[in-house]
Amino acid sequence: MGMLPDYQQAKKTTPLLVVNSLHKRFPAPGSGGDLTVLAEVELAVHRGEFLSIIGRSGCGKTTLLRCIAGFEKPSRGSLRIEGREITGPGIDRMMVFQDTEQLFPWLTVLGNVEFALQAARVPRRERRARAVHFLEMVGLERFLDYYPHQLSGGMKQRVAIARALSVRPRMLLMDEPFAALDAMTRSLLQQELLQLWQQTKATIIFVTHNIQEAIIQSDRILVLRPLLPAGSTGSRDPAFIRAAGGGAGPVLNPGLGSMAALIDNPLPRPRQPDMPGFGVIWRQLHRLIGLEVGTRAGLVAQPVAEPAAQPVAEAAPVST
Amino acid sequence: MLPATNKKRETEKVWPRRRNLFSSRLARQVGWLLMVGAAWEAVARAGIYPPILFPRLSDVFVALLAEVRGGEILARTGWSLGTISLGVALAVTISIAAAALALGLRPLRSLVDALLNVLHPLPGIAVLPIFLLWFGTGAPAVLAVVVFSCIWPMVQNLLAGLESVPRTQIDAGRNLGLGRARLALFVLIPASLPYALAGLRLAWARGWQTAVAGEMVFGAGGGDGGLGWFIYKRRFFLEIPAVFAGMLMIILIGILVEHVIFGTLEHLTVRRWGMSRTE
Ligand SMILES: Nc1ncnc2c1ncn2[C@@H]1O[C@H](COP(=O)(O)OP(=O)(O)OP(=O)(O)O)[C@@H](O)[C@H]1O
Ligand SMILES: [Mg+2]
């Protein structure tokens with residue numbers, strides 16, 4: 001295909017989702033204080049875009065997705081969808097959750113999807129055909145009458161994906177949907193998801209731990225990083241910032257922000273791991289996440305000087 | 001992927017005899033009961049104890065048949081079942097309202113909790129003297145006591161059930177844009193059904209205990225009265241085999257309700273959905 005991704009054109013219009021200076025704190029059990037999970041998240045997602053969020057376990061990916069879905073209220077900052085403040089969950093932003101308990105155990109596979117369609121006010125006579133259609137897409141047409149407890153973990157996840165897609169949401173929020181699947185099914189579903197994405201022009205925000213999956217699928221990749229514990233001055237120290245790459249450019253919110261980087265992925269589709277340019281992005285992400293050998297659990301900051309990708313805003317990303 | 005039919009066949013291969021009545025747990029239990037019954041009959045026939053205190057099992061069955069033919073025991077059973085069903089139905093209605101209020105209004109939650117903690121330990125029969133003063137002797141007081149003793153296990157289970165609903169399922173429902181009412185109706189209630197059924201079972205058992213005990217202690221007015229009253233009257237006239245026949249009737253109904261009604265209910269719902277917590 002090799003042309004500009006759809007979202008590049010969409011960029012000229014107003015973004016679908018705008019996240020402004022989002023902070024999220026949770027009360028920290030035991031300590032009596034708060035734990036800041038997300039800080040200074042700035043994001044604009046355009047219609048039709050496929051955005052992946054990547055980062056180490058516990059860095060706030062699910063929390064960010066739950067804020068967008070409307071399950072969590074931001075502690076500071078705002079989230080707007082088409083200019084309107086997000087005040088709660090809605091069927092226009094369908095979430096595929098990280099755990100396998102998300103199906104209703106008292107409904108069959110078909111029933112689960114039909115229930116969502118009913119909630120979406122799809123007329124009764126259209127429901128069945130549409131539910132079957134989406135279940136066929138995830139390869140479950142022979143399991144329509146199964147109850148969730150009779151399915152494997154990966155099959156449950158596929159039902160959840162079919163259910164989320166079937167209501168044709170404006171935005172699909174997927175929290176590591178393929179994590180429980182074997183490599184074969186995973187790459188199959190990746191391809192199916194990409195096809196669906198191109199057919200339906202859905203906007204997808206996709207959380208994953210898998211760097212390769214992120215590169216193959218997304219237009220842009222947001223790298224989140226864990227925040228330093230409150231009270232530690234480490235990265236806020238000007239000397240540290242300079243050492244950490246402050247010299248490579250201005251540093252935005254040193255040690256404060258959750259965003260390590262937001263990088264463009266200009267590789268032409270369809271993508272393969274062995275295509276030129278793939279490795280550059282892979283290595284860059286690898287370093288940003290802090291997986292690089294020699295960095296002490298990512299706590300030593302790495303300036304990024306790869307020409308292939310644009311770091312977040314005007315900042316040289318610092319992985320804390 | 002494994003087609004449905006294969007799966008079924010496989011399960012049958014692993015437990016080929018489970019469905020066979022005569023090698024099942026049930027058959028073993030029946031076997032034991034038959035042996036205990038035979039021992040009873042033998043001891044009674046040996047004449048060690050006076051028959052008035054220890055009647056033969058065969059006489060008990062004869063008495064049961066006679067009472068069934070005479071019609072009295074059936075009328076009493078019907079009366080008991082009516083009282084208990086009405087009592088449990090009222091208790092369930094009140095419990096659902098209480099649980100809904102506790103769920104909907106936060107301050108009421110602690111009120112319901114407080115009442116539960118204070119009143120749950122109180123056996124229904126202990127409030128009967130007061131209820132007799134308030135509601136008058138006979139049927140109304142017994143009904144009130146049945147309702148009282150059924151409410152608390154029911155409320156407790158409903159609240160525990162609502163708390164046990166996985167957060168993801170609630171979130172999935174909210175994600176679909178369900179409001180409070182539809183979320184409660186389509187998600188919270190089915191999701192907490194295993195607890196609700198356990199509560200119903202407990203309520204039914206307590207209803208029986210309370211109704212029978214209440215009638216025995218304080219009797220019933222006029223021609224009314226249930227199995228408790230029946231047992232009490234027969235004992236008064238020293239018709240001991242008939243007393244045992246009354247107990248047998250309670251046991252038979254207990255088994256019937258437990259296995260046929262609750263068992264079927266569970267098979268149609270929580271077991272089928274893989275939500276039952278007991279095997
Ligand atoms: N309701 C909550 N109360 C308190 N702390 C919370 C709550 N939800 C999340 N957290 C904290 O927020 C942090 C980020 O959690 P989150 O689930 O967003 O991580 P994640 O990036 O999705 O991790 P993973 O990749 O393992 O799924 C964790 O430290 C977690 O303890
Ligand atoms: Mg997560």
# chains A, B, ... in the order shown; residues from 1 in each chain; ligands from 1
>>> interface_residues(of="chain B", to="chain A", cutoff="10 Å", atoms="only C-alpha atoms", output="PyMOL selection string")
chain B and resi 1-4+166-178+182+186-187+190-191+193+269-275
>>> write_last_selection(atoms="C-alpha atoms", output="PDB file, in the first residue's frame")
ATOM      1  CA  MET B   1     -11.097 -27.547  17.605  1.00  0.00           C
ATOM      2  CA  LEU B   2     -13.111 -30.216  19.218  1.00  0.00           C
ATOM      3  CA  PRO B   3     -16.668 -30.561  17.956  1.00  0.00           C
ATOM      4  CA  ALA B   4     -19.419 -30.676  20.535  1.00  0.00           C
ATOM      5  CA  PRO B 166     -16.665  -9.514  39.421  1.00  0.00           C
ATOM      6  CA  ARG B 167     -15.803  -5.896  38.785  1.00  0.00           C
ATOM      7  CA  THR B 168     -15.064  -6.615  35.144  1.00  0.00           C
ATOM      8  CA  GLN B 169     -18.618  -7.835  34.584  1.00  0.00           C
ATOM      9  CA  ILE B 170     -20.039  -4.688  36.111  1.00  0.00           C
ATOM     10  CA  ASP B 171     -17.657  -2.623  34.000  1.00  0.00           C
ATOM     11  CA  ALA B 172     -18.631  -4.574  30.893  1.00  0.00           C
ATOM     12  CA  GLY B 173     -22.260  -3.741  31.632  1.00  0.00           C
ATOM     13  CA  ARG B 174     -21.512  -0.077  32.261  1.00  0.00           C
ATOM     14  CA  ASN B 175     -19.477  -0.025  29.074  1.00  0.00           C
ATOM     15  CA  LEU B 176     -22.639  -0.966  27.198  1.00  0.00           C
ATOM     16  CA  GLY B 177     -24.268   2.134  28.615  1.00  0.00           C
ATOM     17  CA  LEU B 178     -26.581   0.305  30.994  1.00  0.00           C
ATOM     18  CA  ARG B 182     -30.786  -2.255  33.724  1.00  0.00           C
ATOM     19  CA  PHE B 186     -29.388  -7.777  33.602  1.00  0.00           C
ATOM     20  CA  VAL B 187     -26.017  -8.008  35.333  1.00  0.00           C
ATOM     21  CA  PRO B 190     -27.937 -13.009  37.352  1.00  0.00           C
ATOM     22  CA  ALA B 191     -24.343 -12.616  38.515  1.00  0.00           C
ATOM     23  CA  LEU B 193     -27.811 -15.829  41.539  1.00  0.00           C
ATOM     24  CA  THR B 269     -29.186 -21.938  35.995  1.00  0.00           C
ATOM     25  CA  VAL B 270     -25.945 -21.741  37.926  1.00  0.00           C
ATOM     26  CA  ARG B 271     -24.711 -25.250  37.149  1.00  0.00           C
ATOM     27  CA  ARG B 272     -25.417 -24.872  33.478  1.00  0.00           C
ATOM     28  CA  TRP B 273     -23.575 -21.548  33.515  1.00  0.00           C
ATOM     29  CA  GLY B 274     -20.601 -22.933  35.412  1.00  0.00           C
ATOM     30  CA  MET B 275     -21.266 -20.505  38.251  1.00  0.00           C
TER      31      MET B 275
END
>>> select_by_dssp(residues="range 60-130 of chain A", states="strand (DSSP E or B)", output="PDB file with all heavy atoms, in the first residue's frame")
ATOM      1  N   ARG A  76      -6.444  15.048  37.649  1.00  0.00           N
ATOM      2  CA  ARG A  76      -6.207  16.380  37.115  1.00  0.00           C
ATOM      3  C   ARG A  76      -6.194  16.250  35.592  1.00  0.00           C
ATOM      4  O   ARG A  76      -5.951  15.171  35.071  1.00  0.00           O
ATOM      5  CB  ARG A  76      -4.846  16.894  37.623  1.00  0.00           C
ATOM      6  CG  ARG A  76      -4.530  18.315  37.315  1.00  0.00           C
ATOM      7  CD  ARG A  76      -3.890  19.048  38.504  1.00  0.00           C
ATOM      8  NE  ARG A  76      -2.609  18.487  38.932  1.00  0.00           N
ATOM      9  CZ  ARG A  76      -1.436  18.768  38.357  1.00  0.00           C
ATOM     10  NH1 ARG A  76      -1.393  19.549  37.303  1.00  0.00           N
ATOM     11  NH2 ARG A  76      -0.317  18.249  38.825  1.00  0.00           N
ATOM     12  N   GLY A  77      -6.470  17.360  34.914  1.00  0.00           N
ATOM     13  CA  GLY A  77      -6.459  17.314  33.466  1.00  0.00           C
ATOM     14  C   GLY A  77      -7.814  16.897  32.918  1.00  0.00           C
ATOM     15  O   GLY A  77      -8.774  16.722  33.665  1.00  0.00           O
ATOM     16  N   SER A  78      -7.883  16.717  31.602  1.00  0.00           N
ATOM     17  CA  SER A  78      -9.186  16.397  31.018  1.00  0.00           C
ATOM     18  C   SER A  78      -9.044  15.440  29.854  1.00  0.00           C
ATOM     19  O   SER A  78      -7.970  15.295  29.262  1.00  0.00           O
ATOM     20  CB  SER A  78      -9.860  17.685  30.536  1.00  0.00           C
ATOM     21  OG  SER A  78      -9.168  18.182  29.410  1.00  0.00           O
ATOM     22  N   LEU A  79     -10.150  14.758  29.570  1.00  0.00           N
ATOM     23  CA  LEU A  79     -10.229  13.893  28.407  1.00  0.00           C
ATOM     24  C   LEU A  79     -11.475  14.303  27.634  1.00  0.00           C
ATOM     25  O   LEU A  79     -12.548  14.409  28.212  1.00  0.00           O
ATOM     26  CB  LEU A  79     -10.363  12.434  28.824  1.00  0.00           C
ATOM     27  CG  LEU A  79      -9.216  11.824  29.620  1.00  0.00           C
ATOM     28  CD1 LEU A  79      -9.688  11.420  30.989  1.00  0.00           C
ATOM     29  CD2 LEU A  79      -8.666  10.631  28.877  1.00  0.00           C
ATOM     30  N   ARG A  80     -11.312  14.558  26.358  1.00  0.00           N
ATOM     31  CA  ARG A  80     -12.452  14.955  25.554  1.00  0.00           C
ATOM     32  C   ARG A  80     -12.569  14.055  24.337  1.00  0.00           C
ATOM     33  O   ARG A  80     -11.559  13.730  23.716  1.00  0.00           O
ATOM     34  CB  ARG A  80     -12.289  16.394  25.060  1.00  0.00           C
ATOM     35  CG  ARG A  80     -12.524  17.424  26.113  1.00  0.00           C
ATOM     36  CD  ARG A  80     -11.941  18.756  25.679  1.00  0.00           C
ATOM     37  NE  ARG A  80     -11.830  19.603  26.848  1.00  0.00           N
ATOM     38  CZ  ARG A  80     -12.881  20.213  27.408  1.00  0.00           C
ATOM     39  NH1 ARG A  80     -14.080  20.094  26.876  1.00  0.00           N
ATOM     40  NH2 ARG A  80     -12.715  20.932  28.495  1.00  0.00           N
ATOM     41  N   ILE A  81     -13.823  13.696  24.031  1.00  0.00           N
ATOM     42  CA  ILE A  81     -14.055  12.950  22.805  1.00  0.00           C
ATOM     43  C   ILE A  81     -14.959  13.822  21.947  1.00  0.00           C
ATOM     44  O   ILE A  81     -16.008  14.279  22.410  1.00  0.00           O
ATOM     45  CB  ILE A  81     -14.632  11.542  23.086  1.00  0.00           C
ATOM     46  CG1 ILE A  81     -14.574  10.710  21.836  1.00  0.00           C
ATOM     47  CG2 ILE A  81     -16.027  11.575  23.646  1.00  0.00           C
ATOM     48  CD1 ILE A  81     -14.446   9.236  22.138  1.00  0.00           C
ATOM     49  N   ARG A  84     -16.262  16.884  23.593  1.00  0.00           N
ATOM     50  CA  ARG A  84     -17.070  16.767  24.815  1.00  0.00           C
ATOM     51  C   ARG A  84     -16.302  16.010  25.891  1.00  0.00           C
ATOM     52  O   ARG A  84     -15.686  14.972  25.626  1.00  0.00           O
ATOM     53  CB  ARG A  84     -18.394  16.078  24.521  1.00  0.00           C
ATOM     54  CG  ARG A  84     -19.495  17.072  24.183  1.00  0.00           C
ATOM     55  CD  ARG A  84     -20.816  16.396  23.877  1.00  0.00           C
ATOM     56  NE  ARG A  84     -20.714  15.515  22.722  1.00  0.00           N
ATOM     57  CZ  ARG A  84     -20.843  14.187  22.782  1.00  0.00           C
ATOM     58  NH1 ARG A  84     -21.098  13.609  23.935  1.00  0.00           N
ATOM     59  NH2 ARG A  84     -20.731  13.464  21.696  1.00  0.00           N
ATOM     60  N   GLU A  85     -16.372  16.523  27.086  1.00  0.00           N
ATOM     61  CA  GLU A  85     -15.690  15.923  28.227  1.00  0.00           C
ATOM     62  C   GLU A  85     -16.205  14.495  28.453  1.00  0.00           C
ATOM     63  O   GLU A  85     -17.415  14.246  28.414  1.00  0.00           O
ATOM     64  CB  GLU A  85     -15.990  16.790  29.463  1.00  0.00           C
ATOM     65  CG  GLU A  85     -15.268  16.380  30.716  1.00  0.00           C
ATOM     66  CD  GLU A  85     -13.948  17.126  30.885  1.00  0.00           C
ATOM     67  OE1 GLU A  85     -13.820  18.213  30.309  1.00  0.00           O
ATOM     68  OE2 GLU A  85     -13.065  16.598  31.577  1.00  0.00           O
ATOM     69  N   ARG A  93     -17.276   3.844  23.184  1.00  0.00           N
ATOM     70  CA  ARG A  93     -15.883   3.442  23.445  1.00  0.00           C
ATOM     71  C   ARG A  93     -15.929   2.048  24.049  1.00  0.00           C
ATOM     72  O   ARG A  93     -16.150   1.891  25.232  1.00  0.00           O
ATOM     73  CB  ARG A  93     -15.234   4.397  24.452  1.00  0.00           C
ATOM     74  CG  ARG A  93     -14.855   5.746  23.904  1.00  0.00           C
ATOM     75  CD  ARG A  93     -14.868   6.772  25.019  1.00  0.00           C
ATOM     76  NE  ARG A  93     -16.219   7.140  25.368  1.00  0.00           N
ATOM     77  CZ  ARG A  93     -16.638   7.340  26.618  1.00  0.00           C
ATOM     78  NH1 ARG A  93     -15.811   7.200  27.626  1.00  0.00           N
ATOM     79  NH2 ARG A  93     -17.892   7.664  26.865  1.00  0.00           N
ATOM     80  N   MET A  94     -15.781   1.050  23.221  1.00  0.00           N
ATOM     81  CA  MET A  94     -15.893  -0.319  23.735  1.00  0.00           C
ATOM     82  C   MET A  94     -14.534  -0.819  24.191  1.00  0.00           C
ATOM     83  O   MET A  94     -13.541  -0.702  23.500  1.00  0.00           O
ATOM     84  CB  MET A  94     -16.446  -1.255  22.667  1.00  0.00           C
ATOM     85  CG  MET A  94     -17.946  -1.170  22.522  1.00  0.00           C
ATOM     86  SD  MET A  94     -18.835  -1.673  24.020  1.00  0.00           S
ATOM     87  CE  MET A  94     -18.784  -3.442  23.839  1.00  0.00           C
ATOM     88  N   MET A  95     -14.542  -1.397  25.378  1.00  0.00           N
ATOM     89  CA  MET A  95     -13.289  -1.859  25.967  1.00  0.00           C
ATOM     90  C   MET A  95     -13.238  -3.381  25.925  1.00  0.00           C
ATOM     91  O   MET A  95     -14.219  -4.046  26.234  1.00  0.00           O
ATOM     92  CB  MET A  95     -13.235  -1.365  27.409  1.00  0.00           C
ATOM     93  CG  MET A  95     -12.003  -1.783  28.154  1.00  0.00           C
ATOM     94  SD  MET A  95     -11.151  -0.355  28.866  1.00  0.00           S
ATOM     95  CE  MET A  95      -9.955  -1.166  29.903  1.00  0.00           C
ATOM     96  N   VAL A  96     -12.104  -3.908  25.531  1.00  0.00           N
ATOM     97  CA  VAL A  96     -11.838  -5.340  25.687  1.00  0.00           C
ATOM     98  C   VAL A  96     -10.879  -5.444  26.861  1.00  0.00           C
ATOM     99  O   VAL A  96      -9.767  -4.948  26.799  1.00  0.00           O
ATOM    100  CB  VAL A  96     -11.222  -5.940  24.411  1.00  0.00           C
ATOM    101  CG1 VAL A  96     -10.876  -7.398  24.636  1.00  0.00           C
ATOM    102  CG2 VAL A  96     -12.178  -5.801  23.245  1.00  0.00           C
TER     103      VAL A  96
END
>>> residues_near_ligand(ligand="ligand 1", cutoff="9 Å", atoms="only C-alpha atoms and all ligand atoms", output="ChimeraX atom specification")
/A:24-29,34-38,54-66,72,98,175-176,207-209,224-226
>>> write_last_selection(atoms="C-alpha atoms", output="PDB file, in the first residue's frame")
ATOM      1  CA  LYS A  24      -4.220   9.957  37.870  1.00  0.00           C
ATOM      2  CA  ARG A  25      -3.606   9.197  41.516  1.00  0.00           C
ATOM      3  CA  PHE A  26      -4.839   6.264  43.544  1.00  0.00           C
ATOM      4  CA  PRO A  27      -4.892   6.008  47.296  1.00  0.00           C
ATOM      5  CA  ALA A  28      -1.945   3.778  48.111  1.00  0.00           C
ATOM      6  CA  PRO A  29      -2.982   0.993  50.462  1.00  0.00           C
ATOM      7  CA  ASP A  34      -1.475   8.581  47.245  1.00  0.00           C
ATOM      8  CA  LEU A  35       0.309   6.856  44.424  1.00  0.00           C
ATOM      9  CA  THR A  36       0.566   8.830  41.231  1.00  0.00           C
ATOM     10  CA  VAL A  37       0.168   6.395  38.377  1.00  0.00           C
ATOM     11  CA  LEU A  38      -0.151   8.759  35.439  1.00  0.00           C
ATOM     12  CA  ILE A  54       3.430  -0.066  25.353  1.00  0.00           C
ATOM     13  CA  GLY A  55       5.340  -0.053  28.605  1.00  0.00           C
ATOM     14  CA  ARG A  56       6.409  -2.193  31.477  1.00  0.00           C
ATOM     15  CA  SER A  57       4.003  -3.905  33.814  1.00  0.00           C
ATOM     16  CA  GLY A  58       2.420  -1.539  36.297  1.00  0.00           C
ATOM     17  CA  CYS A  59       3.286   1.658  34.466  1.00  0.00           C
ATOM     18  CA  GLY A  60      -0.349   2.680  34.009  1.00  0.00           C
ATOM     19  CA  LYS A  61      -1.445   1.384  30.599  1.00  0.00           C
ATOM     20  CA  THR A  62      -4.682  -0.106  31.885  1.00  0.00           C
ATOM     21  CA  THR A  63      -5.283   2.988  33.992  1.00  0.00           C
ATOM     22  CA  LEU A  64      -4.961   5.246  30.941  1.00  0.00           C
ATOM     23  CA  LEU A  65      -7.344   3.034  28.980  1.00  0.00           C
ATOM     24  CA  ARG A  66      -9.846   3.033  31.862  1.00  0.00           C
ATOM     25  CA  GLU A  72     -11.813   6.287  36.143  1.00  0.00           C
ATOM     26  CA  GLN A  98      -7.394  -7.611  30.244  1.00  0.00           C
ATOM     27  CA  ASP A 175      -6.144  -4.107  26.840  1.00  0.00           C
ATOM     28  CA  GLU A 176      -3.666  -6.811  25.848  1.00  0.00           C
ATOM     29  CA  VAL A 207      -2.291  -1.955  24.863  1.00  0.00           C
ATOM     30  CA  THR A 208       0.378  -4.592  24.436  1.00  0.00           C
ATOM     31  CA  HIS A 209       3.611  -5.824  25.936  1.00  0.00           C
ATOM     32  CA  LEU A 224       4.674   4.818  28.998  1.00  0.00           C
ATOM     33  CA  ARG A 225       7.146   4.586  31.795  1.00  0.00           C
ATOM     34  CA  PRO A 226       6.748   3.999  35.508  1.00  0.00           C
TER      35      PRO A 226
END
>>> residues_around(residues="Ser192 in chain B", least_positions_apart="6", cutoff="8 Å", atoms="only C-alpha atoms", output="PDB file with N, CA, C and O atoms, in the first residue's frame")
ATOM      1  N   LEU B 158     -28.062 -12.295  49.732  1.00  0.00           N
ATOM      2  CA  LEU B 158     -28.216 -11.355  48.617  1.00  0.00           C
ATOM      3  C   LEU B 158     -27.097 -10.323  48.627  1.00  0.00           C
ATOM      4  O   LEU B 158     -26.496 -10.028  47.588  1.00  0.00           O
ATOM      5  N   GLY B 161     -23.861 -11.890  47.686  1.00  0.00           N
ATOM      6  CA  GLY B 161     -23.874 -12.154  46.249  1.00  0.00           C
ATOM      7  C   GLY B 161     -23.558 -10.907  45.447  1.00  0.00           C
ATOM      8  O   GLY B 161     -22.756 -10.932  44.519  1.00  0.00           O
ATOM      9  N   LEU B 162     -24.182  -9.793  45.836  1.00  0.00           N
ATOM     10  CA  LEU B 162     -23.952  -8.554  45.095  1.00  0.00           C
ATOM     11  C   LEU B 162     -22.488  -8.126  45.217  1.00  0.00           C
ATOM     12  O   LEU B 162     -21.912  -7.572  44.289  1.00  0.00           O
ATOM     13  N   SER B 164     -20.033 -10.132  45.465  1.00  0.00           N
ATOM     14  CA  SER B 164     -19.150 -11.092  44.804  1.00  0.00           C
ATOM     15  C   SER B 164     -19.111 -10.915  43.289  1.00  0.00           C
ATOM     16  O   SER B 164     -18.343 -11.588  42.619  1.00  0.00           O
ATOM     17  N   VAL B 165     -19.955 -10.037  42.752  1.00  0.00           N
ATOM     18  CA  VAL B 165     -19.980  -9.881  41.298  1.00  0.00           C
ATOM     19  C   VAL B 165     -18.635  -9.322  40.834  1.00  0.00           C
ATOM     20  O   VAL B 165     -18.178  -8.313  41.354  1.00  0.00           O
TER      21      VAL B 165
END
>>> select_by_dssp(residues="range 18-87 of chain B", states="helix (DSSP H, G or I)", output="PyMOL selection string")
chain B and resi 21-23+25-46+57-70+72-87
>>> residues_around(residues="range 179-191 of chain A", least_positions_apart="3", cutoff="8 Å", atoms="only C-alpha atoms", output="list in words")
Val138, Gly153, Gly154, Glu176, Leu194, Gln195, Thr208, Glu213 and Gln217 of chain A
>>> write_last_selection(atoms="N, CA, C and O atoms", output="mmCIF file, in the first residue's frame")
data_model
loop_
_atom_site.group_PDB
_atom_site.id
_atom_site.type_symbol
_atom_site.label_atom_id
_atom_site.label_comp_id
_atom_site.auth_asym_id
_atom_site.auth_seq_id
_atom_site.Cartn_x
_atom_site.Cartn_y
_atom_site.Cartn_z
ATOM 1 N N VAL A 138 -14.255 -13.963 14.201
ATOM 2 C CA VAL A 138 -13.225 -14.405 15.141
ATOM 3 C C VAL A 138 -13.163 -15.940 15.206
ATOM 4 O O VAL A 138 -12.546 -16.501 16.107
ATOM 5 N N GLY A 153 -9.448 -19.808 27.441
ATOM 6 C CA GLY A 153 -9.187 -18.394 27.704
ATOM 7 C C GLY A 153 -9.128 -17.564 26.429
ATOM 8 O O GLY A 153 -9.718 -16.488 26.347
ATOM 9 N N GLY A 154 -8.438 -18.082 25.429
ATOM 10 C CA GLY A 154 -8.316 -17.347 24.180
ATOM 11 C C GLY A 154 -9.649 -17.207 23.456
ATOM 12 O O GLY A 154 -9.938 -16.178 22.846
ATOM 13 N N GLU A 176 -4.392 -5.556 26.065
ATOM 14 C CA GLU A 176 -3.666 -6.811 25.848
ATOM 15 C C GLU A 176 -4.605 -7.950 25.455
ATOM 16 O O GLU A 176 -4.641 -8.983 26.113
ATOM 17 N N LEU A 194 -6.475 -6.098 11.881
ATOM 18 C CA LEU A 194 -6.059 -5.072 10.930
ATOM 19 C C LEU A 194 -7.047 -4.959 9.781
ATOM 20 O O LEU A 194 -7.377 -3.862 9.336
ATOM 21 N N GLN A 195 -7.534 -6.124 9.323
ATOM 22 C CA GLN A 195 -8.545 -6.098 8.258
ATOM 23 C C GLN A 195 -9.799 -5.374 8.712
ATOM 24 O O GLN A 195 -10.324 -4.507 8.004
ATOM 25 N N THR A 208 -0.322 -3.322 24.616
ATOM 26 C CA THR A 208 0.378 -4.592 24.436
ATOM 27 C C THR A 208 1.733 -4.547 25.128
ATOM 28 O O THR A 208 2.267 -3.486 25.421
ATOM 29 N N GLU A 213 4.289 -6.774 17.952
ATOM 30 C CA GLU A 213 2.858 -6.579 17.700
ATOM 31 C C GLU A 213 2.542 -5.099 17.532
ATOM 32 O O GLU A 213 1.796 -4.691 16.636
ATOM 33 N N GLN A 217 1.149 -3.391 13.923
ATOM 34 C CA GLN A 217 -0.222 -2.922 13.845
ATOM 35 C C GLN A 217 -0.380 -1.407 13.768
ATOM 36 O O GLN A 217 -1.290 -0.914 13.121
#
>>> residues_around(residues="Val142 in chain B", least_positions_apart="3", cutoff="7 Å", atoms="only C-alpha atoms", output="ChimeraX atom specification")
/B:138-139,145-146,211,214
>>> residues_around(residues="Phe262 in chain B", least_positions_apart="5", cutoff="10 Å", atoms="only C-alpha atoms", output="PyMOL selection string")
chain B and resi 197-198+200-201+256-257+267-268
>>> atom_distance(atom1="CA of Thr264 in chain B", atom2="CA of Ala245 in chain B")
27.1 Å
